[in-house]
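A.B. asks: My file is data-v3.txt. It has compact mmCIF, C-alpha atoms and all ligand atoms:
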# COMPACT_ATOMS: atom_id res chain seq x y z
CA MET Y 726 0.00 0.00 0.00
CA VAL Y 727 2.75 2.47 0.94
CA SER Y 728 4.89 3.69 -1.90
CA GLY Y 729 8.63 3.28 -1.83
CA SER Y 730 11.12 5.82 -0.55
CA GLU Y 731 12.05 7.00 -4.03
CA GLU Y 732 8.49 7.84 -4.92
CA LEU Y 733 8.00 9.53 -1.55
CA HIS Y 734 11.12 11.55 -2.16
CA GLN Y 735 9.71 12.92 -5.41
CA ARG Y 736 6.46 13.90 -3.72
CA ARG Y 737 8.48 15.49 -0.93
CA VAL Y 738 10.57 17.64 -3.26
CA ALA Y 739 7.37 18.95 -4.82
CA ALA Y 740 5.57 19.55 -1.51
CA VAL Y 741 8.02 20.17 1.35
CA SER Y 742 10.25 23.23 1.75
CA ARG Y 743 13.88 22.44 1.07
CA GLY Y 744 14.59 24.36 4.28
CA VAL Y 745 13.59 21.18 6.14
CA PRO Y 746 15.94 18.41 4.99
CA SER Y 747 16.20 14.79 6.24
CA MET Y 748 19.37 12.95 7.07
CA LEU Y 749 18.15 9.62 5.66
CA SER Y 750 16.69 9.11 2.20
CA SER Y 751 14.58 6.17 3.45
CA TYR Y 752 11.06 6.84 4.73
CA MET Y 753 10.01 5.10 7.91
CA ASP Y 754 7.03 2.81 8.25
CA ARG Y 755 7.11 1.48 11.84
CA GLY Y 756 9.32 0.86 14.82
CA THR Y 757 9.64 -1.28 17.90
CA GLY Y 758 12.18 -0.92 20.71
CA ALA Y 759 15.50 0.12 19.16
CA THR Y 760 14.54 -0.92 15.61
CA LEU Y 761 12.92 0.98 12.76
CA THR Y 762 11.56 -0.51 9.54
CA ASP Y 763 11.35 1.62 6.42
CA VAL Y 764 8.70 1.55 3.69
CA ASP Y 765 10.93 -0.63 1.51
CA GLY Y 766 11.28 -3.26 4.25
CA GLY Y 767 14.80 -2.22 5.28
CA THR Y 768 15.55 -2.40 9.01
CA TRP Y 769 17.56 0.07 11.04
CA ILE Y 770 19.24 -0.05 14.43
CA ASP Y 771 18.23 3.29 15.88
CA PHE Y 772 21.15 4.93 17.71
CA GLY Y 773 19.52 8.37 17.39
CA SER Y 774 16.14 7.99 19.14
CA GLY Y 775 14.76 10.85 17.04
CA ILE Y 776 17.40 13.11 18.66
CA ALA Y 777 17.19 11.77 22.22
CA VAL Y 778 13.40 11.50 22.34
CA THR Y 779 12.29 7.85 22.21
CA SER Y 780 14.24 6.79 25.29
CA VAL Y 781 11.57 4.21 26.14
CA GLY Y 782 11.87 2.75 22.62
CA HIS Y 783 9.53 2.86 19.65
CA ALA Y 784 5.93 1.70 20.21
CA SER Y 785 6.46 1.21 23.93
CA PRO Y 786 3.29 -0.70 24.95
CA ARG Y 787 2.36 1.40 27.98
CA ILE Y 788 2.67 4.63 26.02
CA VAL Y 789 0.69 3.29 23.07
CA GLU Y 790 -2.11 2.28 25.44
CA ALA Y 791 -2.08 5.55 27.40
CA VAL Y 792 -2.27 7.62 24.21
CA ARG Y 793 -5.06 5.48 22.77
CA ALA Y 794 -7.08 5.72 25.97
CA GLN Y 795 -6.67 9.50 26.23
CA VAL Y 796 -7.61 10.17 22.59
CA GLU Y 797 -10.81 8.19 23.18
CA ARG Y 798 -11.69 10.38 26.21
CA PHE Y 799 -10.70 13.80 24.77
CA ALA Y 800 -7.76 15.06 22.73
CA HIS Y 801 -7.82 18.71 23.75
CA THR Y 802 -9.62 21.22 25.91
CA CYS Y 803 -6.81 23.78 26.46
CA PHE Y 804 -5.60 23.74 30.07
CA MET Y 805 -6.16 27.52 30.30
CA VAL Y 806 -9.83 26.98 29.45
CA ALA Y 807 -10.89 23.66 30.95
CA PRO Y 808 -8.23 21.98 33.13
CA TYR Y 809 -7.64 18.24 33.54
CA GLU Y 810 -5.78 16.00 35.97
CA SER Y 811 -2.88 14.78 33.81
CA TYR Y 812 -1.38 18.29 33.43
CA VAL Y 813 -1.25 18.59 37.22
CA ALA Y 814 0.19 15.08 37.54
CA VAL Y 815 3.01 15.81 35.06
CA CYS Y 816 3.88 18.98 37.01
CA GLU Y 817 3.91 16.96 40.25
CA GLN Y 818 6.28 14.45 38.64
CA LEU Y 819 8.57 17.21 37.33
CA ASN Y 820 8.65 18.89 40.74
CA GLU Y 821 9.54 15.60 42.38
CA LEU Y 822 12.11 14.35 39.85
CA THR Y 823 14.12 17.49 39.08
CA PRO Y 824 17.12 18.20 41.34
CA GLY Y 825 16.54 19.76 44.78
CA THR Y 826 14.03 19.16 47.55
CA HIS Y 827 12.82 22.80 47.71
CA ASP Y 828 9.24 23.82 46.94
CA LYS Y 829 8.74 23.85 43.15
CA ARG Y 830 6.19 24.71 40.47
CA SER Y 831 6.06 23.77 36.78
CA ALA Y 832 4.45 24.99 33.57
CA LEU Y 833 4.06 22.92 30.39
CA PHE Y 834 4.68 23.83 26.75
CA ASN Y 835 5.10 22.03 23.41
CA SER Y 836 8.71 22.17 22.24
CA GLY Y 837 12.14 22.54 23.76
CA ALA Y 838 12.57 26.01 22.29
CA GLU Y 839 9.29 27.12 23.80
CA ALA Y 840 10.39 25.88 27.23
CA VAL Y 841 13.70 27.77 26.97
CA GLU Y 842 11.92 30.98 25.86
CA ASN Y 843 9.60 30.72 28.83
CA ALA Y 844 12.44 30.04 31.25
CA VAL Y 845 14.10 33.27 30.07
CA LYS Y 846 10.80 35.18 30.35
CA ILE Y 847 10.35 33.88 33.89
CA ALA Y 848 13.94 34.68 34.90
CA ARG Y 849 13.70 38.24 33.56
CA HIS Y 850 10.34 38.86 35.18
CA ALA Y 851 11.35 37.38 38.55
CA THR Y 852 14.72 39.20 38.76
CA GLY Y 853 13.75 42.46 37.05
CA ARG Y 854 16.98 42.12 35.01
CA ALA Y 855 17.51 41.60 31.28
CA ALA Y 856 20.90 39.99 30.52
CA VAL Y 857 21.16 36.29 29.75
CA VAL Y 858 24.56 34.59 29.75
CA VAL Y 859 25.03 31.68 27.32
CA PHE Y 860 28.02 29.68 26.11
CA ASP Y 861 30.03 28.88 23.02
CA HIS Y 862 28.64 25.79 21.21
CA ALA Y 863 25.27 26.19 22.96
CA TYR Y 864 22.05 25.03 21.31
CA HIS Y 865 18.72 26.19 22.71
CA GLY Y 866 16.34 26.27 19.70
CA ARG Y 867 15.27 27.96 16.49
CA THR Y 868 12.71 30.61 17.53
CA ASN Y 869 13.86 34.23 17.52
CA LEU Y 870 14.96 34.36 21.15
CA THR Y 871 16.40 30.84 21.17
CA MET Y 872 18.30 31.49 17.90
CA ALA Y 873 19.96 34.34 19.75
CA LEU Y 874 20.82 31.91 22.57
CA THR Y 875 22.14 29.30 20.10
CA ALA Y 876 25.79 29.70 19.12
CA LYS Y 877 26.11 28.29 15.61
CA ASN Y 878 25.37 30.39 12.53
CA MET Y 879 24.99 27.69 9.85
CA PRO Y 880 22.38 26.31 9.54
CA TYR Y 881 20.45 27.74 12.49
CA LYS Y 882 20.83 31.53 12.26
CA HIS Y 883 22.13 32.41 8.83
CA ARG Y 884 20.18 35.42 7.46
CA PHE Y 885 17.37 34.93 10.02
CA GLY Y 886 18.23 38.00 12.10
CA PRO Y 887 17.97 40.51 13.62
CA PHE Y 888 18.14 38.53 16.83
CA ALA Y 889 16.80 39.22 20.31
CA GLY Y 890 18.99 41.43 22.47
CA GLU Y 891 20.58 41.20 25.92
CA VAL Y 892 22.18 37.82 25.17
CA TYR Y 893 25.89 37.52 26.08
CA ARG Y 894 28.07 34.61 25.00
CA VAL Y 895 31.14 33.43 26.91
CA PRO Y 896 33.52 30.45 26.54
CA MET Y 897 32.44 26.94 27.52
CA SER Y 898 34.54 24.45 29.43
CA TYR Y 899 35.67 22.09 26.63
CA PRO Y 900 38.61 20.02 27.91
CA LEU Y 901 39.75 18.79 24.46
CA ARG Y 902 39.84 22.33 23.09
CA ASP Y 903 40.63 24.68 25.99
CA GLY Y 904 44.03 23.31 26.94
CA GLY Y 905 42.46 21.18 29.67
CA LEU Y 906 41.48 24.08 31.95
CA SER Y 907 39.97 22.90 35.22
CA GLY Y 908 36.23 23.44 35.56
CA GLU Y 909 36.81 26.15 38.15
CA ALA Y 910 39.35 27.98 35.95
CA ALA Y 911 37.10 27.74 32.89
CA ALA Y 912 34.18 29.15 34.91
CA GLN Y 913 36.35 31.95 36.28
CA ARG Y 914 37.47 32.90 32.75
CA SER Y 915 33.85 33.17 31.60
CA LEU Y 916 32.52 34.89 34.72
CA ASP Y 917 35.32 37.49 34.61
CA LEU Y 918 34.09 38.43 31.14
CA VAL Y 919 30.51 38.65 32.41
CA GLU Y 920 31.53 40.91 35.31
CA LYS Y 921 33.55 43.21 33.04
CA GLN Y 922 31.33 43.32 29.97
CA VAL Y 923 27.81 42.82 31.34
CA GLY Y 924 27.92 43.57 35.07
CA ALA Y 925 26.85 40.93 37.57
CA GLU Y 926 23.93 43.07 38.77
CA ASN Y 927 22.43 43.08 35.24
CA VAL Y 928 22.36 39.29 34.81
CA ALA Y 929 18.93 37.66 34.99
CA ALA Y 930 20.18 34.17 34.24
CA VAL Y 931 23.09 31.93 33.37
CA LEU Y 932 21.72 29.36 30.91
CA VAL Y 933 23.69 26.20 30.20
CA GLU Y 934 23.29 22.63 28.92
CA PRO Y 935 24.94 20.41 31.59
CA ILE Y 936 26.34 18.37 28.69
CA GLN Y 937 26.03 20.22 25.38
CA GLY Y 938 23.98 18.36 22.77
CA GLU Y 939 23.97 19.81 19.24
CA GLY Y 940 27.20 21.67 20.08
CA GLY Y 941 29.15 18.41 20.17
CA PHE Y 942 28.37 16.38 23.31
CA VAL Y 943 30.76 18.66 25.16
CA VAL Y 944 31.17 17.46 28.75
CA PRO Y 945 32.45 20.37 30.86
CA ALA Y 946 35.34 19.71 33.24
CA PRO Y 947 34.23 18.78 36.79
CA GLY Y 948 33.61 21.90 38.85
CA PHE Y 949 32.43 24.09 35.94
CA LEU Y 950 28.69 23.74 36.55
CA PRO Y 951 28.94 24.08 40.36
CA ALA Y 952 31.04 27.26 39.93
CA LEU Y 953 28.46 28.81 37.56
CA SER Y 954 25.63 27.89 39.88
CA ALA Y 955 27.44 29.30 42.94
CA TRP Y 956 28.21 32.55 41.07
CA ALA Y 957 24.57 32.93 40.04
CA SER Y 958 23.26 32.51 43.56
CA ALA Y 959 25.91 34.87 44.99
CA ASN Y 960 24.93 37.53 42.44
CA GLY Y 961 21.13 37.35 42.47
CA ALA Y 962 20.97 35.70 39.03
CA LEU Y 963 19.16 32.45 38.25
CA PHE Y 964 20.97 29.32 37.15
CA ILE Y 965 18.95 27.67 34.35
CA ALA Y 966 19.87 24.12 33.33
CA ASP Y 967 18.68 23.24 29.83
CA GLU Y 968 18.15 19.50 30.37
CA ILE Y 969 16.14 19.09 27.17
CA GLN Y 970 18.63 16.63 25.66
CA THR Y 971 20.30 15.36 28.86
CA GLY Y 972 17.21 14.86 31.01
CA PHE Y 973 14.94 11.90 31.74
CA CYS Y 974 17.56 9.23 32.46
CA ARG Y 975 19.65 9.82 29.32
CA THR Y 976 22.94 10.37 31.20
CA GLY Y 977 22.34 7.75 33.89
CA ASP Y 978 20.49 9.96 36.37
CA TRP Y 979 17.07 11.53 36.02
CA PHE Y 980 18.93 14.78 35.24
CA ALA Y 981 22.55 15.42 34.29
CA CYS Y 982 22.98 18.15 36.96
CA GLU Y 983 22.66 15.46 39.63
CA HIS Y 984 26.06 14.08 38.66
CA GLU Y 985 27.70 17.07 40.38
CA SER Y 986 24.88 17.71 42.87
CA VAL Y 987 24.04 21.01 41.18
CA VAL Y 988 20.55 22.29 42.02
CA PRO Y 989 19.34 24.70 39.30
CA ASP Y 990 16.84 27.47 39.98
CA LEU Y 991 15.04 26.59 36.75
CA VAL Y 992 15.18 23.43 34.62
CA THR Y 993 13.90 23.07 31.06
CA THR Y 994 12.77 19.61 29.91
CA ALA Y 995 11.37 18.15 26.67
CA LYS Y 996 12.40 15.31 24.29
CA GLY Y 997 12.60 12.15 26.45
CA ILE Y 998 9.78 13.31 28.73
CA ALA Y 999 6.88 11.94 26.66
CA GLY Y 1000 8.13 9.00 24.56
CA GLY Y 1001 7.82 10.89 21.27
CA LEU Y 1002 4.80 13.12 21.84
CA PRO Y 1003 5.51 16.85 21.85
CA LEU Y 1004 5.71 18.15 25.41
CA SER Y 1005 8.09 20.40 27.31
CA GLY Y 1006 8.28 21.95 30.73
CA VAL Y 1007 9.84 24.60 32.89
CA THR Y 1008 10.29 23.66 36.54
CA GLY Y 1009 11.70 25.92 39.20
CA ARG Y 1010 11.67 27.45 42.64
CA ALA Y 1011 8.09 28.11 43.72
CA GLU Y 1012 8.76 31.79 44.49
CA VAL Y 1013 10.29 32.33 41.03
CA MET Y 1014 7.63 30.43 39.08
CA ASP Y 1015 4.83 32.08 41.09
CA ALA Y 1016 6.29 35.57 40.60
CA ILE Y 1017 4.51 35.61 37.22
CA HIS Y 1018 1.08 37.26 37.10
CA PRO Y 1019 -1.87 34.97 36.23
CA GLY Y 1020 -2.10 34.75 32.43
CA GLY Y 1021 1.58 35.55 31.93
CA LEU Y 1022 2.33 31.97 30.89
CA GLY Y 1023 0.36 29.63 28.64
CA GLY Y 1024 -0.52 28.68 25.07
CA THR Y 1025 -3.24 26.77 23.20
CA TYR Y 1026 -1.57 23.36 23.23
CA GLY Y 1027 0.91 23.52 26.12
CA GLY Y 1028 0.50 20.39 28.25
CA ASN Y 1029 -1.87 18.79 25.76
CA PRO Y 1030 -3.70 15.86 27.44
CA VAL Y 1031 -2.49 13.23 24.96
CA ALA Y 1032 1.13 14.37 25.46
CA CYS Y 1033 0.60 14.40 29.25
CA ALA Y 1034 -0.81 10.86 29.18
CA ALA Y 1035 2.27 9.78 27.21
CA ALA Y 1036 4.56 11.56 29.70
CA LEU Y 1037 2.98 9.85 32.71
CA ALA Y 1038 3.31 6.46 30.98
CA THR Y 1039 6.92 7.29 30.04
CA ILE Y 1040 7.86 8.25 33.60
CA GLU Y 1041 6.19 5.09 34.94
CA THR Y 1042 8.15 3.01 32.41
CA MET Y 1043 11.40 4.75 33.36
CA ARG Y 1044 10.79 4.04 37.03
CA GLU Y 1045 9.70 0.45 36.53
CA LEU Y 1046 12.52 -0.54 34.16
CA ASP Y 1047 15.05 1.70 36.00
CA LEU Y 1048 16.13 3.32 32.75
CA ALA Y 1049 18.69 5.50 34.55
CA ALA Y 1050 20.56 2.29 35.44
CA ALA Y 1051 19.98 1.08 31.88
CA ALA Y 1052 21.63 4.25 30.55
CA ARG Y 1053 24.68 3.61 32.75
CA ARG Y 1054 24.84 0.00 31.52
CA ILE Y 1055 24.60 1.18 27.89
CA GLY Y 1056 27.48 3.59 28.50
CA SER Y 1057 29.55 0.80 30.02
CA VAL Y 1058 29.07 -1.22 26.81
CA LEU Y 1059 29.61 1.66 24.36
CA VAL Y 1060 32.60 3.47 25.88
CA PRO Y 1061 35.11 0.57 26.14
CA ARG Y 1062 34.36 -0.55 22.59
CA LEU Y 1063 34.70 3.01 21.28
CA GLU Y 1064 37.97 3.34 23.15
CA GLU Y 1065 39.21 0.15 21.47
CA LEU Y 1066 38.31 1.72 18.12
CA ALA Y 1067 40.05 4.95 19.12
CA ALA Y 1068 43.24 3.00 19.90
CA LYS Y 1069 43.14 1.56 16.36
CA HIS Y 1070 42.00 4.66 14.46
CA PRO Y 1071 43.83 7.95 15.18
CA VAL Y 1072 40.97 9.76 13.39
CA ILE Y 1073 39.09 9.40 16.72
CA GLY Y 1074 40.40 12.30 18.82
CA GLU Y 1075 38.26 11.66 21.88
CA VAL Y 1076 35.56 9.37 23.24
CA ARG Y 1077 33.31 11.18 25.69
CA GLY Y 1078 29.86 11.36 27.19
CA ARG Y 1079 27.91 10.02 30.11
CA GLY Y 1080 25.44 7.15 30.34
CA ALA Y 1081 23.70 6.63 27.00
CA MET Y 1082 24.82 10.01 25.63
CA VAL Y 1083 28.15 9.13 24.05
CA ALA Y 1084 30.16 10.55 21.16
CA ILE Y 1085 33.43 10.34 19.29
CA GLU Y 1086 35.07 13.54 18.10
CA LEU Y 1087 36.86 13.05 14.77
CA VAL Y 1088 40.12 14.84 14.07
CA ASP Y 1089 42.72 15.06 11.32
CA PRO Y 1090 45.86 13.51 12.84
CA SER Y 1091 47.99 14.75 9.90
CA ILE Y 1092 47.50 18.39 10.99
CA PRO Y 1093 49.57 19.46 14.02
CA ARG Y 1094 47.56 20.00 17.19
CA SER Y 1095 47.30 23.65 18.25
CA PRO Y 1096 48.16 24.16 21.93
CA ALA Y 1097 45.11 26.36 22.57
CA GLY Y 1098 42.58 24.92 20.11
CA GLY Y 1099 43.38 21.20 20.28
CA PRO Y 1100 43.39 18.72 17.38
CA ALA Y 1101 42.11 19.76 13.92
CA PRO Y 1102 38.40 18.93 13.46
CA ASN Y 1103 37.59 16.43 10.71
CA ALA Y 1104 34.06 17.07 9.44
CA ALA Y 1105 34.65 15.23 6.14
CA ALA Y 1106 35.54 11.98 7.91
CA THR Y 1107 32.55 12.40 10.23
CA GLN Y 1108 30.10 12.82 7.35
CA ALA Y 1109 31.64 9.86 5.49
CA LEU Y 1110 31.48 7.69 8.61
CA ALA Y 1111 27.82 8.55 9.25
CA ARG Y 1112 26.95 7.79 5.61
CA GLU Y 1113 28.74 4.44 5.76
CA CYS Y 1114 26.83 3.52 8.96
CA HIS Y 1115 23.56 4.53 7.30
CA ALA Y 1116 24.40 2.38 4.25
CA HIS Y 1117 24.57 -0.60 6.63
CA GLY Y 1118 21.42 0.05 8.59
CA LEU Y 1119 22.81 1.88 11.62
CA LEU Y 1120 21.13 5.21 12.31
CA VAL Y 1121 23.69 7.56 13.88
CA LEU Y 1122 23.67 11.36 14.19
CA THR Y 1123 26.40 13.94 13.89
CA CYS Y 1124 26.77 17.21 15.82
CA GLY Y 1125 29.33 19.79 16.86
CA THR Y 1126 30.20 23.38 15.99
CA HIS Y 1127 32.71 21.94 13.50
CA GLY Y 1128 30.40 19.09 12.38
CA ASN Y 1129 33.03 16.57 13.47
CA VAL Y 1130 31.27 14.67 16.26
CA LEU Y 1131 29.44 11.38 15.78
CA ARG Y 1132 26.95 10.87 18.59
CA LEU Y 1133 25.18 7.79 19.90
CA LEU Y 1134 21.80 8.12 21.62
CA PRO Y 1135 20.27 4.63 21.62
CA PRO Y 1136 16.88 4.08 23.24
CA LEU Y 1137 17.45 3.18 26.89
CA VAL Y 1138 15.71 -0.17 26.30
CA THR Y 1139 18.36 -1.29 23.77
CA ASP Y 1140 19.72 -4.75 24.70
CA ASP Y 1141 23.44 -5.62 24.70
CA GLU Y 1142 23.17 -7.77 21.60
CA THR Y 1143 21.75 -4.86 19.57
CA LEU Y 1144 24.34 -2.46 21.01
CA HIS Y 1145 27.13 -4.79 19.91
CA ARG Y 1146 25.60 -5.25 16.44
CA GLY Y 1147 25.49 -1.46 16.08
CA LEU Y 1148 29.08 -1.13 17.27
CA ASP Y 1149 30.17 -3.83 14.79
CA ILE Y 1150 28.67 -1.77 11.96
CA LEU Y 1151 30.40 1.36 13.29
CA GLY Y 1152 33.73 -0.50 13.57
CA ASP Y 1153 33.46 -1.80 9.98
CA ALA Y 1154 32.50 1.67 8.77
CA LEU Y 1155 35.58 3.17 10.44
CA ALA Y 1156 37.79 0.56 8.80
CA THR Y 1157 36.26 1.43 5.42
N1 LIG Y 1201 17.73 22.73 24.05
C1 LIG Y 1201 19.59 21.31 24.73
O1 LIG Y 1201 18.97 19.80 22.39
C2 LIG Y 1201 16.82 20.40 20.57
C3 LIG Y 1201 17.42 20.18 17.58
C4 LIG Y 1201 17.48 19.66 16.22
P1 LIG Y 1201 13.04 21.73 20.22
N2 LIG Y 1201 17.88 19.69 19.94
C5 LIG Y 1201 17.62 19.13 18.63
C6 LIG Y 1201 17.34 20.73 15.18
O2 LIG Y 1201 18.20 20.79 14.30
O3 LIG Y 1201 16.35 21.49 15.22
C7 LIG Y 1201 17.14 21.21 21.80
C8 LIG Y 1201 18.21 20.86 22.66
C9 LIG Y 1201 18.47 21.67 23.78
C10 LIG Y 1201 16.69 23.08 23.25
C11 LIG Y 1201 16.36 22.33 22.13
C12 LIG Y 1201 15.19 22.75 21.30
O4 LIG Y 1201 14.16 21.79 21.35
O5 LIG Y 1201 12.04 20.75 20.77
O6 LIG Y 1201 13.72 21.24 18.96
O7 LIG Y 1201 12.49 23.10 20.08
Go ahead and render the structure in this file as structure tokens.
C.D. replies:
Amino acid sequence: MVSGSEELHQRRVAAVSRGVPSMLSSYMDRGTGATLTDVDGGTWIDFGSGIAVTSVGHASPRIVEAVRAQVERFAHTCFMVAPYESYVAVCEQLNELTPGTHDKRSALFNSGAEAVENAVKIARHATGRAAVVVFDHAYHGRTNLTMALTAKNMPYKHRFGPFAGEVYRVPMSYPLRDGGLSGEAAAQRSLDLVEKQVGAENVAAVLVEPIQGEGGFVVPAPGFLPALSAWASANGALFIADEIQTGFCRTGDWFACEHESVVPDLVTTAKGIAGGLPLSGVTGRAEVMDAIHPGGLGGTYGGNPVACAAALATIETMRELDLAAAARRIGSVLVPRLEELAAKHPVIGEVRGRGAMVAIELVDPSIPRSPAGGPAPNAAATQALARECHAHGLLVLTCGTHGNVLRLLPPLVTDDETLHRGLDILGDALAT
């Protein structure tokens, strides 16, 4: 009944803006667990999870059932018009699961970008200040404000300006490329710039991904996040953790901040929260979240009941299967095998990540390493490697400011056998 990928591609070219490309040329038909099947019957090992979304796997039974049941009851009323229980229940879960035992409140939205925009709105309103501090390599979305917060020009910002103001960018802790500065020293370098160029008393928020996603799976040196958080609280600014990619068990804890016991004032969540349905949230200190006047936050679809039903089923699945532990186990399978590959192939400059958020950064070993900037990025090898994996049925994603990072984000339900099959394909692709 379904037409093949080639036919679909022709219809797509005639109907879909070329501004929205796809990485694969195959069109998907169905999925289960860590496997996708395309319309031509080809099967794929999914090491991308739709960019860190389907952590519970494709067609997870509890989520399928929860969505079906909710659609039969009602699909939408708008929480601002006629409220329903599941919105409240998701907020309760967010308040309980995010770091810190303080009194919290949450608000729900649709996309990651929308959550980040609202976190900035809330921080500005609550502090009465305007400046937002962000980092090199950061990714926070594609809307006007979040484009301004995002670091990379191509493809995200090019000719889409003018951008929102009062956004200040400072260096990130990036051990491979900052000469191995300690976390504390890297934070000091960035905060000195903020104090000189922005003024501590003007800063509403310091916004950071605890492990950067699109920017290259950059894991800051230990001590960096705690130093930023301590500076924010000493200076009356809010520390906002963008846990959209790192959250919901991906890095081996419910949230990546927990690894260093950092307690953010505000946390943004999306992606893994609802097993593939669009939902996002902002969670934070009760006095900050409740500083907003009634009606100041909202939207037609935010916290849609079908997405909330999926989120509650996702959270239940994560608890029951202990997917945080599963993420740690996945990391303990992936990292040693990637390190073996790195020992054989000098094109791999670094293996890094945490839990089931793991990447290799590809470099050109024939170009001398610069003392300040590290090894030369190798985007061409990264693209070729991804293509070779795709040609053999392994779905992997790339990322990084220099496009030279290959990232692995398998569903947290992926079994060891599938992980090893995926790694075999990656190993063969590297050899090729
Ligand atoms: N914050 C940390 O990772 C989304 C974007 C893919 P949305 N990352 C994938 C692309 O090319 O558009 C992301 C993120 C972090 C915010 C976002 C934005 O989330 O749901 O895509 O708006």
A.B. asks: Of the candidates Y:Thr1139, Y:Thr768, Y:Gln795, Y:Ser915, which shows the shortest atom-to-atom distance to Glu810 in chain Y, using only C-alpha atoms?
C.D. replies: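 Counting only C-alpha atoms, the residue closest to Glu810 in chain Y is Y:Gln795.
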A.B. asks: Got a sec to check which residues lie within 6 Å of ligand LIG 1201 (chain Y), using all atoms listed in the file, and send them as a PyMOL selection string?
C.D. replies: chain Y and resi 836-838+864-866+934+938-939+967+969-970
A.B. asks: Please determine, counting only C-alpha atoms, which residue among Y:Gly886, Y:Pro945, Y:Gly729, Y:Gly972 has the shortest atom-to-atom distance to His862 in chain Y.
C.D. replies: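 So, comparing all the options, the nearest one is Y:Pro945.
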A.B. asks: Would you mind telling me which residue in Y:Asp861, Y:Trp956, Y:Trp769, Y:Gly1023 lies nearest to Asp917 in chain Y when using all atoms listed in the file?
C.D. replies: Y:Trp956
A.B. asks: Which residue is closest to Thr993 in chain Y? Choose from Y:Ala863, Y:Ala955, Y:Val789, Y:Leu932 and count all atoms listed in the file.
C.D. replies: Y:Leu932
A.B. asks: I need the residue nearest Leu1022 in chain Y from this list: Y:Leu950, Y:Leu819, Y:Ile998, Y:Val1007. Use only C-alpha atoms for the distance.
C.D. replies: Y:Val1007
A.B. asks: Using all atoms listed in the file, find the one residue out of Y:Thr823, Y:Asn869, Y:Gly890, Y:Val764 that sits nearest to Val987 in chain Y.
C.D. replies: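 Looking at the shortest contact to Val987 in chain Y, the residue is Y:Thr823.
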A.B. asks: Near range 1119-1131 of chain Y, within 6 Å and counting all atoms listed in the file, which residues show up once chain neighbours fewer than 3 positions away are dropped, as a ChimeraX atom specification?
C.D. replies: /Y:769-773,862,939-941,1084-1087,1102-1104,1107,1114-1115
A.B. asks: Starting from the point (8.6, 38.2, 40.6), work out which residues of protein, DNA or RNA have an atom no more than 12 Å away when counting all atoms listed in the file; state them as a PyMOL selection string.
C.D. replies: chain Y and resi 846-854+929+1010-1019+1021
A.B. asks: Output the selection as a PDB file, in the coordinates of the input - C-alpha atoms for each residue.
C.D. replies:
ATOM      1  CA  LYS Y 846      10.800  35.180  30.350  1.00  0.00           C
ATOM      2  CA  ILE Y 847      10.350  33.880  33.890  1.00  0.00           C
ATOM      3  CA  ALA Y 848      13.940  34.680  34.900  1.00  0.00           C
ATOM      4  CA  ARG Y 849      13.700  38.240  33.560  1.00  0.00           C
ATOM      5  CA  HIS Y 850      10.340  38.860  35.180  1.00  0.00           C
ATOM      6  CA  ALA Y 851      11.350  37.380  38.550  1.00  0.00           C
ATOM      7  CA  THR Y 852      14.720  39.200  38.760  1.00  0.00           C
ATOM      8  CA  GLY Y 853      13.750  42.460  37.050  1.00  0.00           C
ATOM      9  CA  ARG Y 854      16.980  42.120  35.010  1.00  0.00           C
ATOM     10  CA  ALA Y 929      18.930  37.660  34.990  1.00  0.00           C
ATOM     11  CA  ARG Y1010      11.670  27.450  42.640  1.00  0.00           C
ATOM     12  CA  ALA Y1011       8.090  28.110  43.720  1.00  0.00           C
ATOM     13  CA  GLU Y1012       8.760  31.790  44.490  1.00  0.00           C
ATOM     14  CA  VAL Y1013      10.290  32.330  41.030  1.00  0.00           C
ATOM     15  CA  MET Y1014       7.630  30.430  39.080  1.00  0.00           C
ATOM     16  CA  ASP Y1015       4.830  32.080  41.090  1.00  0.00           C
ATOM     17  CA  ALA Y1016       6.290  35.570  40.600  1.00  0.00           C
ATOM     18  CA  ILE Y1017       4.510  35.610  37.220  1.00  0.00           C
ATOM     19  CA  HIS Y1018       1.080  37.260  37.100  1.00  0.00           C
ATOM     20  CA  PRO Y1019      -1.870  34.970  36.230  1.00  0.00           C
ATOM     21  CA  GLY Y1021       1.580  35.550  31.930  1.00  0.00           C
TER      22      GLY Y1021
END
A.B. asks: List every protein, DNA or RNA residue that has an atom no more than 12 Å from (29.8, 18.0, 36.0) in the file's coordinate frame, counting all atoms listed in the file, and report them as a PyMOL selection string.
C.D. replies: chain Y and resi 898-899+907-909+933-937+943-954+966+976+980-988+1078-1079
